[in-house]
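Accompanying notes for the structure given below.
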Amino acid sequence: QADSWKYAFEESLTEVQGVYATKFKEEIEKNSDNEIQLFPYGTLGESADLMEQTQAGILQFVDQSPGFTGALIPEAQVFFVPYLLPTDQKHLARFFRESKAINNDFKDLYAEQGLELLQMFPEGEVAMTTKEPVNSCEDLNEVKFRVMTNPLLVEAYKAFGATPTPLPWGEVYGSLQTNIIQGQENPTFYLYSTKLYEVTDYITYTGHSNFTTAVMANKEFFDGLSDADKKIVQDAAKAAFEHIVVYQDGLAQQELKKIKETKPSMTVTVLSEEQRSCFKDAAGDVEAKFIEMTGDRGTAILKQFKADLAATAQ
Amino acid sequence: MAIKITAIMIVLLLAGLPMMIPLLLAAFYGFYELFNGFSKMDFMVQQMLAGIRPASLIAVPMFILAAEIMTRGQSANRLIDMVMKFIGHVRGGLAVSTATACTLFGAVSGSTQATVVAVGSPLRPRMLKAGYKDSFVLALIINASDIAFLIPPSIGMIIYGVISSTSISELFIAGVGPGLLLMVLFSAYSMIYATIKKVPTEPKATWSERLDAARKAIWPLGFPVIIIGGIYGGIFSPTEAAAACVFYALVLEIAVFRSLKLIDIYQIAKSTGLITAVVFILVGAGAAFSWVISFAQIPQEILGAIGITEMGPKAVLGVISVSFFIGCMFVDPIVVILVLVPIFAPVVDAVGLDPVLVGTIITLQVAIGSATPPFGCDIFTAIAVFKRPYADVVRGILPFTIILAAVSVALIFFPQIALFARDLAFR
Amino acid sequence: MTDKAHKSMLPGFLGQIDTLIGRAEAVILAAGVLLMALNTVGNVIGRFVFQYSFFFTEEVNRILIIMITFAGIGYAARHGRHIRMSAIYDALPIRTRKVMMILITVITALTMFALCYFSIGYILKVAASGRVLPALQIPVYLIFLWVPVGFAVTGIQYALTTVKNLLEKDVYLSTHMLEGYDDNEIEV
Ligand code: NA
Ligand code: NA
């Protein structure tokens, strides 16, 4: 019989997670009688609330980024180790499709928490937006830089030389406007959709990180589905992933163009290999911190990550 | 389910139960229906805790504390004395000053509840002494405080801008016109009220009296410097400015004016905590209630039933206005914006409405909802702070509601009230 | 702080405990608010003077706000300070008011006890998940421990008010407060 399934995510309907969710909904509704109800950012609570609701089976599906899952699954912070993931979109797509670390190891870690990991996908390269130009680590000296309250991300920005400043998301725009903070990081599409470019003057690509997110189902719910329904769900997750890969091709460039059209004075810089060297040097410290925080399990995940990345490099 | 929930809430509310109970029992019923029993009730607690989590709420107890210290000490009186020496001879002058102070304070603090307390605590006794009726005073404070939503910085506009991909700078500028219009209309009503009710005026002060009062107010004038200078100078967030005011007030009242002792500070902090708790438990209960509404997709159901997709732009704006007005009666404005904006987004897009205008109208409705019976955060705050019964607090509100409604209608038919300044700056 | 403000209606040992809880609530409220101010200003000083932002400021404030809210609802119940819409109630004759007040306090007490029970369930769930606060790295369930206590104390206060209304002639809003808004009420 037809069921109604609830799916919550952390962004608005028109942002990347929303585009993924919309495609997922379309696929499910096309291939079955089941209906998906979508709940964008904030409509049922914040990340931690959504996770608990999914674990309790109130929600059937949730999209949650590893940055927020860190309190539950510390190993998920591996995505914040700088320069671990490549900037090449095609390589990234292959990695997310084929990686053992993601499709086996992480699947098990999520299963321990009562969650069926359906798909991880990249949301785009993270860019720094600042009030002053950034060409090296020195330029971040004494810059109060907003980061999510995530221990490893904080560690990364300390290693870059900035003064990491945790702020709730609602205060970021106002604090940039009044100069309480002088920088923040996010994927390009998010810089445009959240209007952060209005209150900063420089966009800098250092290539240190690619924002990653994960879609999962309540495990008890998923295990209770018929084999046919399981397949429909898994196929929908894959179809939505391929949709996102195509959707993201050139997305950053488009969004950047929109930003430049609205604010011609915006300076966009892609750092050269040489300029990136001090950021890359700092990555070692962050990796060490990750291992310190997650022990043997983290070390194993990191090792598998690197192996998978090499295997999908071509 | 929507009808039953509303019925439960209204009956219990009118029966005189503590206001958290109608909200909680309505949510209770919703959870029971949605999950066929009591198995998921613990998520009511999750949502109550989520309701009191936003960091911006911290500004409320901080501004309450600073205001109470200033009011029980000398700072507030010295400031008001100075203002009175300049405008005390004008009929309605004190009321106009209150409206202006609410607008200014609200503009920088960004919190309507904090404004009710910070401006209302010192000014209400003075207005009563000057011969204004309490019903007018309370209504003026509650409504003028809500201009805070429209004048930047405005949390509501930031949230709207982020989830609807609308320029926040443009929203900020568009809010100024309606905000100032409201201030002018409230001031005009105050002067008419003072004239009709023959509120007595003070004799005109001499310049030496004025200078003397200004000299006495020199230390307390540090408060606006801390708040306005601190926030726009990039030193504090609004919440931090509130906490800084607490310490400045402590230093002034204990060390400089020697008007308060440490035991007084204990009493003031305790009563601040009490006011915070009775307001925040309602915010929490409202969050649990709104989760049920959102989860059951009740707004979608209602909007589908009235056929919003077939309406023209003005009718859509009308539906949006009414929806946000009703939503903000029961639930925290931020939550209402988060839930309703995505639902209206496709319609707004389809009829080609300017998202900046929509944002301004929504912000105005949010402001009205917080100050208009039966529910409203600012009404709760006034009840808690001024210890007046519900009926007293809402008695004088009608004329203000009429002004607010007139401005909302005007905004739909003359969008230039909001868009004039925006077009000047950005187009 | 007058003794009258905290004196319990309960006899003997139970009364002493109740009085003690009332005092503790008052201290928690005052300390919570002052610590919040200190914590917030401390972060500003850290950021500007030492170029160092305290990662825990937001989390500490969150802990304090839960503490203030849930210690405060009990204290508010004790002193009849919960917000209610009493316009219709106030217009009723005294006998009806008496019956209504008994119903109101019973319903409120039951709701509070139910929420106390459900909040324990929620805390157990959070504890089992092992979730920690990202900056402070302490288990999240610990900061919720106030919640069931606050609900229980509030429920008990309303239950005691029911008893008081059954035993005495006047209508009581709380164990300490007669109904009506008296301008000369005890300062709390
Ligand atoms: Na404002
Ligand atoms: Na209202």
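Identifiers in this document derive from the order of the structure tokens: chains are assigned A, B, ..., residues are numbered from 1 separately in each chain, and ligands are numbered from 1 in order of occurrence.
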
Exercise. If you count only C-alpha atoms and all ligand atoms, which residues end up within 12 Å of ligand 2, as an NGL selection string?
Worked result: :B and (142-143 or 146 or 322 or 324-333 or 365-380 or 394 or 397 or 401)

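Near chain A, counting only C-alpha atoms at 10 Å, the chain C residues are Val44, Arg47, Phe48, Gln51, Tyr52, Ser53, Phe54, Phe55, Phe56, Thr57, Glu58, Glu59, Tyr122, Lys125, Val126, Ser129, Gly130, Arg131, Val132, Leu133, Pro134, Ala135, Leu136, Gln137, Pro139 and Val140 of chain C.
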
Exercise. Counting only C-alpha atoms, which residues of chain B come no farther than 8 Å from chain C, as a PyMOL selection string?
Worked result: chain B and resi 13-21+25+41-43+45-46+49+52-53+55+58+61-62+65+235-236+239-240+243-244+246-247+266-274+276-278+280-281+380+383-384+387-391

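Distances to chain A were evaluated for B:Gly88, B:Gly396, B:Gly51, B:Gly312 using only C-alpha atoms, and the minimum falls at B:Gly51.
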
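If we count only C-alpha atoms, these residues of chain A sit within 7 Å of chain B: Ser12, Gly42, Thr43, Leu44, Gly45, Pro168, Ser175, Thr178, Asn179, Ile180, Ser193, Thr194 and Lys195 of chain A.
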
Exercise. Among segment 25-211 of chain B, which residues carry a DSSP assignment of helix (DSSP H, G or I), reported as a PyMOL selection string?
Worked result: chain B and resi 25-34+42-51+55-72+75-87+93-109+112-129+134-149+155-164+168-196+207-211
